[in-house]
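S.K.: Dropping the structure in here first, questions after.
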Protein chains: 2
Amino acid sequence: MRPTMKDVASAAGVALKTVSRVVNGEPGVHPATAERVRAAIERLGYSRNESARVLRRGRTATIGLVIEDVADPFYSGLSRAVEDVVIEHGCLLLSGSSGEEPGRERELVETFCARRVDGLIVVPAGDDHTYLRPELEAGTPVVFADRPPGAGLDVDTVLADNAGGARQAVRHLMAHGHRRIAFLGDDPAIFTAAERLRGYRDELGELYDERLVAMRAPSAEAVHADLERMFALDEPPTALFTGNGRYTVTTLRALERRRVALVGFDDFELADLLDPGVTVVAQEPAWMGRVAAELLFRRLGGDTGHSEHVELPVRLIVRGSGELPP
Amino acid sequence: MRPTMKDVASAAGVALKTVSRVVNGEPGVHPATAERVRAAIERLGYSRNESARVLRRGRTATIGLVIEDVADPFYSGLSRAVEDVVIEHGCLLLSGSSGEEPGRERELVETFCARRVDGLIVVPAGDDHTYLRPELEAGTPVVFADRPPGAGLDVDTVLADNAGGARQAVRHLMAHGHRRIAFLGDDPAIFTAAERLRGYRDELGELYDERLVAMRAPSAEAVHADLERMFALDEPPTALFTGNGRYTVTTLRALERRRVALVGFDDFELADLLDPGVTVVAQEPAWMGRVAAELLFRRLGGDTGHSEHVELPVRLIVRGSGELPP
DNA sequence: CTGAAAGCGCTAACAG
DNA sequence: CTGTTAGCGCTTTCAG
């Protein structure tokens with residue numbers, strides 16, 4: 001089996017505690033003794049068992065991250081930023097993808113909690129988070145990112161200005177002469193989709209027409225069908241506003257080479273290389289991840305103030321598709 | 001503090017061990033007793049402390065994954081697949097990005113090992129992995145993915161057919177009449193880059209001209225400069241072969257709207273929407289991740305056969321850019 | 001069917 | 001400067 005501190009201790013002819021001191025760089029060990037211990041460690045190939053340490057100290061130095069899907073560029077960008085902050089703080093990251101399934105989200109969170117992660121960053125899939133109550137009461141800080149928790153939970157949140165971004169997109173298209181602007185977005189059960197719809201609707205005001213709205217999961221078939229339906233209207237849309245990165249891409253594919261004005265929510269790689277370049281309302285996933293992680297570590301550092309609600313601005317990037325005339 | 005098994009035991013008026021039996025679904029507990037225990041668990045909000053369990057049982061039910069960068073679509077696709085397999089096996093995934101730095105790779109691996117992960121999947125950044133020796137001797141299975149370990153380490157590997165893919169790309173361009181085919185790739189210190197160069201060179205044979213080869217990190221400036229240099233030659237290239245996804249994108253950007261035949265290694269989203277569509281040699285990161293993870297779990301299941309070396313095929317996807325005439 | 005005791009490998013508290 | 005002791009919360013072993 002693997003050598004333990006006890007083995008190192010007898011190999012070096014010292015007490016267990018002395019080895020512990022050397023391993024943890026605690027002061028008060030004679031240099032010569034320390035050297036003997038280090039030699040024994042080297043010789044036996046000893047490495048501290050963190051599990052035992054965790055059990056004794058009560059902190060795992062581990063953060064849990066639940067996102068929707070690591071393979072989605074938005075979330076992988078967020079993950080990487082979280083990871084960087086976590087490492088800076090000498091911790092490790094346990095992460096999992098919920099796949100937009102509330103049950104999976106809950107399982108992941110509960111498994112992370114059973115492992116006693118020191119803190120949790122969650123992009124929720126569901127809208128009932130009462131199951132987190134005991135964990136919060138036990139003192140585990142939790143930060144929700146991208147989407148808020150279900151009702152009745154008072155935790156820190158880091159969200160983007162979804163409604164404001166949607167307003168900006170619509171305003172931009174209207175400034176370029178459009179009056180018939182369609183919105184293609186995800187199921188409004190998803191917070192961000194609902195918020196973007198709200199912004200779209202608010203900005204359009206009188207011009208709002210529900211026939212120009214389609215909200216469901218962005219399959220190629222769904223998007224194709226929705227576009228066909230809208231373009232067959234008496235007054236078809238002259239511009240499109242797509243509700244997220246995946247929607248934008250699916251829509252561009254469905255449009256084939258038809259040139260229709262388009263603004264998408266979320267930036268994506270190569271948006272600039274398409275013809276025309278795709279005008280987008282860009283979020284910064286890495287920024288969101290970093291802010292959420294830093295907030296979490298502030299809580300871990302002892303900040304027990306009121307829950308904070310950060311709203312990250314978004315910005316319009318003009319590239320051509322949003323400036324096409326009606 | 002949090003309730004422990006002991007607390008549950010006294011609340012239910014049974015012994016510690018009985019609670020343990022109920023929590024673990026072990027047989028041999030009277031239904032009525034079990035019910036009392038479950039009620040106490042519910043009432044106290046008890047959840048088992050996995051750290052203590054791990055310490056006692058010696059298995060963490062955790063797999064470590066070291067990749068280059070989660071934010072890179074290739075690795076995030078691989079990650080997601082690994083994660084799925086890991087979850088299927090009731091385990092959790094600890095992951096980290098090396099950022100192509102050997103030191104960071106080693107730190108991550110060692111930290112994972114100190115946490116006693118049950119197994120490790122590594123996309124190495126460095127080429128010396130002797131530091132893994134003690135871990136391997138302790139019986140921790142390790143699978144290398146995408147790139148092999150440094151000399152002297154006999155472990156399982158899952159690699160793509162890099163050289164074959166490069167040969168395929170070159171053959172395709174030659175079949176379309178090209179004789180001056182440039183190669184833009186990463187630093188050949190990176191295994192995949194070196195292998196692709198090898199395939200490119202082999203296939204070109206007599207036509208190989210080192211002036212048409214540029215290998216370094218794909219910054220916009222570097223690629224721009226390399227292209228300028230090559231296009232200024234007496235016999236400039238009529239086609240380009242780019243060594244990975246990031247290189248392809250950087251090169252497309254540097255080319256602006258110049259139409260040059262191009263085949264890229266790695267597929268990427270929107271390759272089909274560009275004009276012309278980008279012909280690529282595609283790998284399947286999710287497949288690689290799944291194969292690596294399944295191999296790892298076979299080892300964890302007790303398979304102690306010789307180390308395996310899986311080579312995953314790649315496939316050419318024809319979209320237009322690779323079929324442009326000289 | 002139930003329980004008491006030992007101990008996983010480490011750190012905290014306190015002596016020497 | 002060094003060592004001893006107790007115990008983190010659980011599972012394992014063995015005894016009722």
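Ordered as shown in the structure tokens, chains take letters A, B, and onward, while each chain numbers its residues from 1 and ligands are numbered from 1 in the order shown.
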At a cut-off of 8 Å, can you tabulate as a Markdown table every residue of chain C near chain B together with its closest atom pair and the distance in Å to one decimal, using only C-alpha atoms (C1' of nucleotides) and ordering rows by chain then number?
M.R.:
```
| residue | atom | partner | partner_atom | distance |
| --- | --- | --- | --- | --- |
| C:DC1 | C1' | B:Gly28 | CA | 5.8 |
| C:DT2 | C1' | B:Thr18 | CA | 7.1 |
| C:DG3 | C1' | B:Ala15 | CA | 6.1 |
| C:DC8 | C1' | B:Arg56 | CA | 4.5 |
| C:DG9 | C1' | B:Leu55 | CA | 7.6 |
```
S.K.: Keeping all heavy atoms for every residue in the selection just given, could you write it to a file as an mmCIF file, in the first residue's frame?
M.R.:
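out-v6.cif, written as the output of this step:
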```cif
data_model
loop_
_atom_site.group_PDB
_atom_site.id
_atom_site.type_symbol
_atom_site.label_atom_id
_atom_site.label_comp_id
_atom_site.auth_asym_id
_atom_site.auth_seq_id
_atom_site.Cartn_x
_atom_site.Cartn_y
_atom_site.Cartn_z
ATOM 1 P P DC C 1 -34.701 -10.075 9.173
ATOM 2 O OP1 DC C 1 -36.013 -9.692 8.766
ATOM 3 O OP2 DC C 1 -33.542 -9.868 8.347
ATOM 4 O "O5'" DC C 1 -34.436 -9.541 10.647
ATOM 5 C "C5'" DC C 1 -34.274 -8.150 10.868
ATOM 6 C "C4'" DC C 1 -33.464 -8.103 12.135
ATOM 7 O "O4'" DC C 1 -32.392 -9.064 12.070
ATOM 8 C "C3'" DC C 1 -32.734 -6.772 12.345
ATOM 9 O "O3'" DC C 1 -33.485 -6.044 13.319
ATOM 10 C "C2'" DC C 1 -31.360 -7.168 12.898
ATOM 11 C "C1'" DC C 1 -31.444 -8.674 13.046
ATOM 12 N N1 DC C 1 -30.171 -9.404 12.812
ATOM 13 C C2 DC C 1 -29.262 -9.539 13.867
ATOM 14 O O2 DC C 1 -29.536 -9.034 14.972
ATOM 15 N N3 DC C 1 -28.098 -10.234 13.672
ATOM 16 C C4 DC C 1 -27.850 -10.771 12.474
ATOM 17 N N4 DC C 1 -26.709 -11.442 12.322
ATOM 18 C C5 DC C 1 -28.765 -10.642 11.376
ATOM 19 C C6 DC C 1 -29.901 -9.955 11.592
ATOM 20 P P DT C 2 -33.161 -4.543 13.545
ATOM 21 O OP1 DT C 2 -34.229 -3.978 14.393
ATOM 22 O OP2 DT C 2 -32.857 -3.976 12.237
ATOM 23 O "O5'" DT C 2 -31.843 -4.573 14.414
ATOM 24 C "C5'" DT C 2 -31.956 -4.810 15.820
ATOM 25 C "C4'" DT C 2 -30.580 -4.817 16.422
ATOM 26 O "O4'" DT C 2 -29.739 -5.747 15.739
ATOM 27 C "C3'" DT C 2 -29.839 -3.492 16.346
ATOM 28 O "O3'" DT C 2 -29.925 -2.907 17.641
ATOM 29 C "C2'" DT C 2 -28.409 -3.855 15.966
ATOM 30 C "C1'" DT C 2 -28.416 -5.374 16.031
ATOM 31 N N1 DT C 2 -27.530 -6.080 15.050
ATOM 32 C C2 DT C 2 -26.370 -6.649 15.501
ATOM 33 O O2 DT C 2 -26.005 -6.610 16.650
ATOM 34 N N3 DT C 2 -25.636 -7.297 14.531
ATOM 35 C C4 DT C 2 -25.957 -7.412 13.188
ATOM 36 O O4 DT C 2 -25.228 -8.009 12.412
ATOM 37 C C5 DT C 2 -27.191 -6.780 12.791
ATOM 38 C C7 DT C 2 -27.644 -6.832 11.366
ATOM 39 C C6 DT C 2 -27.919 -6.145 13.726
ATOM 40 P P DG C 3 -29.296 -1.478 17.916
ATOM 41 O OP1 DG C 3 -29.934 -0.876 19.091
ATOM 42 O OP2 DG C 3 -29.241 -0.767 16.623
ATOM 43 O "O5'" DG C 3 -27.817 -1.900 18.350
ATOM 44 C "C5'" DG C 3 -27.659 -2.670 19.534
ATOM 45 C "C4'" DG C 3 -26.211 -3.009 19.723
ATOM 46 O "O4'" DG C 3 -25.740 -3.822 18.626
ATOM 47 C "C3'" DG C 3 -25.298 -1.783 19.769
ATOM 48 O "O3'" DG C 3 -24.492 -1.911 20.923
ATOM 49 C "C2'" DG C 3 -24.451 -1.905 18.508
ATOM 50 C "C1'" DG C 3 -24.425 -3.414 18.282
ATOM 51 N N9 DG C 3 -24.228 -3.773 16.892
ATOM 52 C C8 DG C 3 -25.034 -3.434 15.832
ATOM 53 N N7 DG C 3 -24.616 -3.922 14.700
ATOM 54 C C5 DG C 3 -23.462 -4.629 15.026
ATOM 55 C C6 DG C 3 -22.579 -5.360 14.192
ATOM 56 O O6 DG C 3 -22.650 -5.540 12.986
ATOM 57 N N1 DG C 3 -21.534 -5.931 14.937
ATOM 58 C C2 DG C 3 -21.371 -5.790 16.292
ATOM 59 N N2 DG C 3 -20.311 -6.394 16.818
ATOM 60 N N3 DG C 3 -22.200 -5.103 17.076
ATOM 61 C C4 DG C 3 -23.206 -4.545 16.374
ATOM 62 P P DC C 8 -5.400 2.039 10.639
ATOM 63 O OP1 DC C 8 -4.717 0.751 10.436
ATOM 64 O OP2 DC C 8 -4.792 3.084 11.479
ATOM 65 O "O5'" DC C 8 -5.726 2.683 9.225
ATOM 66 C "C5'" DC C 8 -6.435 1.979 8.206
ATOM 67 C "C4'" DC C 8 -7.167 3.014 7.371
ATOM 68 O "O4'" DC C 8 -8.374 3.388 8.049
ATOM 69 C "C3'" DC C 8 -6.394 4.310 7.190
ATOM 70 O "O3'" DC C 8 -5.717 4.254 5.924
ATOM 71 C "C2'" DC C 8 -7.454 5.407 7.164
ATOM 72 C "C1'" DC C 8 -8.695 4.741 7.790
ATOM 73 N N1 DC C 8 -9.163 5.296 9.094
ATOM 74 C C2 DC C 8 -10.464 5.811 9.216
ATOM 75 O O2 DC C 8 -11.198 5.829 8.230
ATOM 76 N N3 DC C 8 -10.875 6.284 10.421
ATOM 77 C C4 DC C 8 -10.052 6.249 11.472
ATOM 78 N N4 DC C 8 -10.509 6.710 12.641
ATOM 79 C C5 DC C 8 -8.723 5.729 11.366
ATOM 80 C C6 DC C 8 -8.324 5.276 10.166
ATOM 81 P P DG C 9 -4.138 4.344 5.881
ATOM 82 O OP1 DG C 9 -3.754 3.934 4.523
ATOM 83 O OP2 DG C 9 -3.551 3.680 7.049
ATOM 84 O "O5'" DG C 9 -3.870 5.902 6.042
ATOM 85 C "C5'" DG C 9 -4.343 6.802 5.056
ATOM 86 C "C4'" DG C 9 -4.307 8.194 5.624
ATOM 87 O "O4'" DG C 9 -5.154 8.250 6.787
ATOM 88 C "C3'" DG C 9 -2.922 8.635 6.120
ATOM 89 O "O3'" DG C 9 -2.596 9.834 5.439
ATOM 90 C "C2'" DG C 9 -3.089 8.836 7.616
ATOM 91 C "C1'" DG C 9 -4.577 9.111 7.735
ATOM 92 N N9 DG C 9 -5.156 8.767 9.010
ATOM 93 C C8 DG C 9 -4.813 7.700 9.813
ATOM 94 N N7 DG C 9 -5.524 7.641 10.912
ATOM 95 C C5 DG C 9 -6.393 8.727 10.826
ATOM 96 C C6 DG C 9 -7.393 9.177 11.724
ATOM 97 O O6 DG C 9 -7.739 8.677 12.803
ATOM 98 N N1 DG C 9 -8.042 10.317 11.248
ATOM 99 C C2 DG C 9 -7.750 10.941 10.070
ATOM 100 N N2 DG C 9 -8.462 12.028 9.773
ATOM 101 N N3 DG C 9 -6.811 10.533 9.225
ATOM 102 C C4 DG C 9 -6.174 9.428 9.652
#
```
S.K.: Could you give me, as a ChimeraX atom specification, the residues within 8 Å of B:Gly64, counting only C-alpha atoms (C1' of nucleotides) and dropping anything in the same chain fewer than 5 positions from it?
M.R.: /B:93-95,109,112,117-121
S.K.: As a compact mmCIF listing (two decimals) with all heavy atoms, in the first residue's frame, please: all residues of stretch 157-219 of chain A that backbone DSSP puts in helix (DSSP H, G or I).
M.R.:
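The resulting states_20.txt:
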```
# COMPACT_ATOMS: atom_id res chain seq x y z
N ASN A 162 -30.18 40.97 -19.76
CA ASN A 162 -30.87 40.33 -20.88
C ASN A 162 -31.91 41.22 -21.54
O ASN A 162 -31.94 41.36 -22.76
CB ASN A 162 -31.53 39.04 -20.39
CG ASN A 162 -30.53 38.00 -19.98
OD1 ASN A 162 -29.83 37.45 -20.83
ND2 ASN A 162 -30.41 37.73 -18.69
N ALA A 163 -32.76 41.81 -20.72
CA ALA A 163 -33.82 42.65 -21.27
C ALA A 163 -33.22 43.87 -21.97
O ALA A 163 -33.62 44.24 -23.09
CB ALA A 163 -34.79 43.08 -20.18
N GLY A 164 -32.24 44.48 -21.32
CA GLY A 164 -31.60 45.66 -21.90
C GLY A 164 -30.94 45.33 -23.24
O GLY A 164 -31.01 46.11 -24.19
N GLY A 165 -30.32 44.16 -23.31
CA GLY A 165 -29.67 43.74 -24.55
C GLY A 165 -30.69 43.56 -25.66
O GLY A 165 -30.46 43.97 -26.81
N ALA A 166 -31.81 42.98 -25.32
CA ALA A 166 -32.86 42.76 -26.32
C ALA A 166 -33.40 44.11 -26.81
O ALA A 166 -33.61 44.31 -28.01
CB ALA A 166 -33.99 41.92 -25.73
N ARG A 167 -33.58 45.03 -25.87
CA ARG A 167 -34.06 46.37 -26.27
C ARG A 167 -33.07 47.01 -27.23
O ARG A 167 -33.45 47.58 -28.25
CB ARG A 167 -34.24 47.25 -25.03
CG ARG A 167 -35.60 47.07 -24.36
CD ARG A 167 -35.91 48.22 -23.40
NE ARG A 167 -34.96 48.27 -22.31
CZ ARG A 167 -35.08 47.58 -21.17
NH1 ARG A 167 -36.15 46.81 -20.98
NH2 ARG A 167 -34.18 47.67 -20.24
N GLN A 168 -31.80 46.88 -26.90
CA GLN A 168 -30.76 47.45 -27.75
C GLN A 168 -30.82 46.88 -29.16
O GLN A 168 -30.67 47.60 -30.15
CB GLN A 168 -29.40 47.11 -27.13
CG GLN A 168 -28.45 48.28 -27.06
CD GLN A 168 -27.15 47.86 -26.36
OE1 GLN A 168 -26.10 47.89 -26.94
NE2 GLN A 168 -27.26 47.41 -25.13
N ALA A 169 -30.99 45.56 -29.24
CA ALA A 169 -31.05 44.90 -30.54
C ALA A 169 -32.22 45.43 -31.36
O ALA A 169 -32.07 45.79 -32.54
CB ALA A 169 -31.18 43.38 -30.34
N VAL A 170 -33.37 45.51 -30.72
CA VAL A 170 -34.57 45.97 -31.43
C VAL A 170 -34.42 47.43 -31.84
O VAL A 170 -34.74 47.82 -32.97
CB VAL A 170 -35.82 45.79 -30.54
CG1 VAL A 170 -37.03 46.45 -31.17
CG2 VAL A 170 -36.07 44.29 -30.30
N ARG A 171 -33.89 48.23 -30.93
CA ARG A 171 -33.70 49.66 -31.23
C ARG A 171 -32.79 49.83 -32.45
O ARG A 171 -33.05 50.63 -33.33
CB ARG A 171 -33.08 50.34 -30.01
CG ARG A 171 -33.36 51.83 -29.93
CD ARG A 171 -32.73 52.43 -28.68
NE ARG A 171 -33.10 51.69 -27.48
CZ ARG A 171 -32.23 51.31 -26.54
NH1 ARG A 171 -30.95 51.61 -26.64
NH2 ARG A 171 -32.66 50.64 -25.49
N HIS A 172 -31.74 49.02 -32.48
CA HIS A 172 -30.79 49.08 -33.59
C HIS A 172 -31.48 48.75 -34.91
O HIS A 172 -31.32 49.47 -35.91
CB HIS A 172 -29.65 48.09 -33.32
CG HIS A 172 -28.56 48.14 -34.34
ND1 HIS A 172 -27.65 49.18 -34.40
CD2 HIS A 172 -28.22 47.28 -35.34
CE1 HIS A 172 -26.80 48.96 -35.39
NE2 HIS A 172 -27.13 47.81 -35.98
N LEU A 173 -32.28 47.70 -34.91
CA LEU A 173 -32.97 47.32 -36.13
C LEU A 173 -33.98 48.38 -36.54
O LEU A 173 -34.13 48.70 -37.73
CB LEU A 173 -33.66 45.95 -35.96
CG LEU A 173 -32.69 44.75 -35.90
CD1 LEU A 173 -33.39 43.50 -35.39
CD2 LEU A 173 -32.08 44.48 -37.29
N MET A 174 -34.66 48.96 -35.56
CA MET A 174 -35.64 50.01 -35.88
C MET A 174 -34.94 51.23 -36.45
O MET A 174 -35.42 51.86 -37.39
CB MET A 174 -36.44 50.37 -34.63
CG MET A 174 -37.40 49.25 -34.21
SD MET A 174 -38.31 49.60 -32.70
CE MET A 174 -39.46 50.84 -33.29
N ALA A 175 -33.77 51.53 -35.91
CA ALA A 175 -33.01 52.68 -36.42
C ALA A 175 -32.62 52.47 -37.88
O ALA A 175 -32.36 53.42 -38.61
CB ALA A 175 -31.76 52.91 -35.56
N PHE A 191 -35.22 31.40 -17.99
CA PHE A 191 -35.18 32.79 -17.55
C PHE A 191 -34.64 33.76 -18.59
O PHE A 191 -35.27 34.78 -18.90
CB PHE A 191 -34.35 32.89 -16.27
CG PHE A 191 -34.08 34.29 -15.82
CD1 PHE A 191 -35.04 35.01 -15.11
CD2 PHE A 191 -32.86 34.91 -16.10
CE1 PHE A 191 -34.80 36.31 -14.70
CE2 PHE A 191 -32.61 36.20 -15.68
CZ PHE A 191 -33.58 36.90 -14.98
N THR A 192 -33.48 33.43 -19.15
CA THR A 192 -32.87 34.37 -20.09
C THR A 192 -33.76 34.59 -21.31
O THR A 192 -33.86 35.70 -21.83
CB THR A 192 -31.49 33.86 -20.54
OG1 THR A 192 -31.61 32.50 -20.93
CG2 THR A 192 -30.48 33.97 -19.42
N ALA A 193 -34.41 33.51 -21.76
CA ALA A 193 -35.29 33.64 -22.93
C ALA A 193 -36.46 34.56 -22.60
O ALA A 193 -36.84 35.44 -23.39
CB ALA A 193 -35.79 32.27 -23.36
N ALA A 194 -37.03 34.38 -21.43
CA ALA A 194 -38.17 35.21 -21.02
C ALA A 194 -37.76 36.68 -20.91
O ALA A 194 -38.49 37.57 -21.35
CB ALA A 194 -38.73 34.71 -19.70
N GLU A 195 -36.60 36.91 -20.35
CA GLU A 195 -36.13 38.29 -20.18
C GLU A 195 -35.88 38.97 -21.53
O GLU A 195 -36.18 40.15 -21.72
CB GLU A 195 -34.82 38.29 -19.38
CG GLU A 195 -35.02 38.12 -17.90
CD GLU A 195 -35.74 39.30 -17.30
OE1 GLU A 195 -35.16 40.41 -17.24
OE2 GLU A 195 -36.91 39.11 -16.91
N ARG A 196 -35.33 38.20 -22.44
CA ARG A 196 -35.04 38.78 -23.76
C ARG A 196 -36.35 39.07 -24.49
O ARG A 196 -36.48 40.09 -25.17
CB ARG A 196 -34.12 37.84 -24.55
CG ARG A 196 -32.74 37.79 -23.91
CD ARG A 196 -31.84 36.66 -24.37
NE ARG A 196 -30.74 36.49 -23.42
CZ ARG A 196 -29.81 35.54 -23.47
NH1 ARG A 196 -29.83 34.65 -24.46
NH2 ARG A 196 -28.87 35.46 -22.55
N LEU A 197 -37.30 38.19 -24.32
CA LEU A 197 -38.63 38.44 -24.90
C LEU A 197 -39.22 39.72 -24.31
O LEU A 197 -39.76 40.56 -25.03
CB LEU A 197 -39.55 37.25 -24.61
CG LEU A 197 -41.02 37.47 -24.98
CD1 LEU A 197 -41.17 37.64 -26.49
CD2 LEU A 197 -41.89 36.30 -24.51
N ARG A 198 -39.07 39.88 -23.02
CA ARG A 198 -39.62 41.07 -22.36
C ARG A 198 -39.01 42.34 -22.94
O ARG A 198 -39.71 43.30 -23.28
CB ARG A 198 -39.33 40.98 -20.85
CG ARG A 198 -39.93 42.08 -20.02
CD ARG A 198 -39.88 41.75 -18.53
NE ARG A 198 -38.53 41.73 -17.98
CZ ARG A 198 -37.86 42.83 -17.61
NH1 ARG A 198 -38.42 44.02 -17.75
NH2 ARG A 198 -36.65 42.73 -17.11
N GLY A 199 -37.68 42.33 -23.08
CA GLY A 199 -37.01 43.51 -23.63
C GLY A 199 -37.47 43.79 -25.06
O GLY A 199 -37.73 44.94 -25.43
N TYR A 200 -37.58 42.75 -25.84
CA TYR A 200 -38.02 42.85 -27.23
C TYR A 200 -39.39 43.48 -27.31
O TYR A 200 -39.65 44.43 -28.04
CB TYR A 200 -38.00 41.43 -27.81
CG TYR A 200 -38.82 41.19 -29.05
CD1 TYR A 200 -38.30 41.43 -30.32
CD2 TYR A 200 -40.10 40.65 -28.95
CE1 TYR A 200 -39.04 41.16 -31.46
CE2 TYR A 200 -40.85 40.37 -30.08
CZ TYR A 200 -40.33 40.63 -31.33
OH TYR A 200 -41.07 40.35 -32.45
N ARG A 201 -40.26 42.95 -26.47
CA ARG A 201 -41.65 43.40 -26.47
C ARG A 201 -41.78 44.85 -26.01
O ARG A 201 -42.48 45.67 -26.62
CB ARG A 201 -42.43 42.48 -25.53
CG ARG A 201 -43.88 42.71 -25.59
CD ARG A 201 -44.61 41.66 -24.78
NE ARG A 201 -46.03 41.86 -24.98
CZ ARG A 201 -46.94 40.91 -24.84
NH1 ARG A 201 -46.57 39.69 -24.47
NH2 ARG A 201 -48.21 41.16 -25.05
N ASP A 202 -41.07 45.17 -24.95
CA ASP A 202 -41.10 46.53 -24.42
C ASP A 202 -40.65 47.53 -25.46
O ASP A 202 -41.25 48.58 -25.64
CB ASP A 202 -40.18 46.65 -23.20
CG ASP A 202 -40.81 46.04 -21.96
OD1 ASP A 202 -41.95 45.54 -22.05
OD2 ASP A 202 -40.15 46.06 -20.90
N GLU A 203 -39.57 47.19 -26.14
CA GLU A 203 -39.00 48.14 -27.07
C GLU A 203 -39.89 48.32 -28.30
O GLU A 203 -40.00 49.41 -28.86
CB GLU A 203 -37.59 47.71 -27.50
CG GLU A 203 -36.84 48.75 -28.31
CD GLU A 203 -36.47 49.98 -27.52
OE1 GLU A 203 -36.27 49.87 -26.28
OE2 GLU A 203 -36.38 51.07 -28.12
N LEU A 204 -40.53 47.22 -28.72
CA LEU A 204 -41.39 47.29 -29.91
C LEU A 204 -42.67 48.07 -29.64
O LEU A 204 -43.20 48.75 -30.52
CB LEU A 204 -41.74 45.89 -30.40
CG LEU A 204 -40.75 45.23 -31.34
CD1 LEU A 204 -41.22 43.82 -31.68
CD2 LEU A 204 -40.55 46.04 -32.62
N GLY A 205 -43.17 47.97 -28.40
CA GLY A 205 -44.41 48.69 -28.05
C GLY A 205 -45.55 48.33 -28.98
O GLY A 205 -45.89 47.16 -29.16
N GLU A 206 -46.10 49.32 -29.63
CA GLU A 206 -47.25 49.16 -30.52
C GLU A 206 -46.97 48.20 -31.68
O GLU A 206 -47.87 47.58 -32.22
CB GLU A 206 -47.59 50.52 -31.16
CG GLU A 206 -47.99 51.59 -30.17
CD GLU A 206 -49.47 51.46 -29.82
OE1 GLU A 206 -50.30 51.78 -30.68
OE2 GLU A 206 -49.77 51.00 -28.68
N LEU A 207 -45.70 48.13 -32.04
CA LEU A 207 -45.35 47.32 -33.21
C LEU A 207 -45.33 45.82 -32.91
O LEU A 207 -45.19 45.01 -33.81
CB LEU A 207 -43.97 47.74 -33.75
CG LEU A 207 -43.90 49.16 -34.32
CD1 LEU A 207 -42.46 49.52 -34.66
CD2 LEU A 207 -44.79 49.26 -35.57
N GLU A 210 -47.64 39.16 -32.06
CA GLU A 210 -47.25 37.84 -31.56
C GLU A 210 -47.02 36.81 -32.65
O GLU A 210 -46.39 35.80 -32.43
CB GLU A 210 -48.28 37.30 -30.54
CG GLU A 210 -49.63 37.06 -31.14
CD GLU A 210 -50.62 36.47 -30.13
OE1 GLU A 210 -50.29 36.43 -28.93
OE2 GLU A 210 -51.71 36.05 -30.57
N ARG A 211 -47.52 37.11 -33.86
CA ARG A 211 -47.27 36.17 -34.96
C ARG A 211 -45.79 36.15 -35.35
O ARG A 211 -45.33 35.28 -36.06
CB ARG A 211 -48.13 36.54 -36.17
CG ARG A 211 -49.62 36.26 -35.94
CD ARG A 211 -50.45 36.84 -37.05
NE ARG A 211 -50.21 38.28 -37.19
CZ ARG A 211 -50.73 39.05 -38.15
NH1 ARG A 211 -51.47 38.52 -39.10
NH2 ARG A 211 -50.47 40.34 -38.18
N LEU A 212 -45.07 37.18 -34.91
CA LEU A 212 -43.64 37.25 -35.23
C LEU A 212 -42.76 36.70 -34.12
O LEU A 212 -41.55 36.94 -34.09
CB LEU A 212 -43.25 38.71 -35.54
CG LEU A 212 -43.93 39.33 -36.77
CD1 LEU A 212 -43.36 40.72 -37.03
CD2 LEU A 212 -43.74 38.45 -38.00
```
S.K.: Extract, using only C-alpha atoms (C1' of nucleotides), all DNA, RNA and protein residues at most 12 Å from B:Gly301, discarding same-chain residues fewer than 4 positions from it, and format them as a PyMOL selection string.
M.R.: chain B and resi 89+118-119+140-141+294-297+305
S.K.: Using only C-alpha atoms (C1' of nucleotides) and a distance of at most 7 Å, pull out the residues of chain D that contact chain A, as a PyMOL selection string.
M.R.: chain D and resi 1+3+8
S.K.: Check every residue of chain B for an atom within 9 Å of chain A, counting only C-alpha atoms, and provide those that qualify as a PyMOL selection string.
M.R.: chain B and resi 1-2+45+47-52+54-55+60+69-81+83-84+87+92-97+110-116+134-135+138+249+252-253+256+269-275
S.K.: If we count only C-alpha atoms (C1' of nucleotides), what is near A:Ala145 at a cut-off of 9 Å, once residues fewer than 3 positions away on the same chain are taken out, given as a list in words?
M.R.: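 Contacts, with the query itself left out: Ile67, Ile121, Val122, Val123, Pro124, Pro148, Asp156, Thr157, Val158, Leu159, Ala160, Met288, Gly289 and Ala292 of chain A.
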S.K.: For B:Ile41, find every residue with an atom within 12 Å (counting only C-alpha atoms (C1' of nucleotides)), except residues of its own chain fewer than 6 positions away, and show them as an MDAnalysis selection string.
M.R.: chainID B and resid 2:12 19:20 22:23 34:35 47:48
S.K.: Expressed in Å to a single decimal, how great is the separation between atom CA of A:Pro149 and atom CA of A:Tyr131?
M.R.: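 If I compute the distance from atom CA of A:Pro149 to atom CA of A:Tyr131, I get 11.3 Å.
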S.K.: Tell me, in Å to one decimal, how far atom CA of A:Ala239 is from atom CA of A:Glu100.
M.R.: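 If I compute the distance from atom CA of A:Ala239 to atom CA of A:Glu100, I get 29.3 Å.
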S.K.: Quick one: pick out all strand (DSSP E) residues within stretch 179-271 of chain A from a backbone DSSP run and write them as a list in words.
M.R.: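 Secondary structure check on stretch 179-271 of chain A, strand (DSSP E): Ile181, Ala182, Phe183, Leu184, Gly185, Val213, Ala214, Met215, Ala239, Leu240, Phe241, Thr242, Ala261, Leu262, Val263, Gly264 and Phe265 of chain A.
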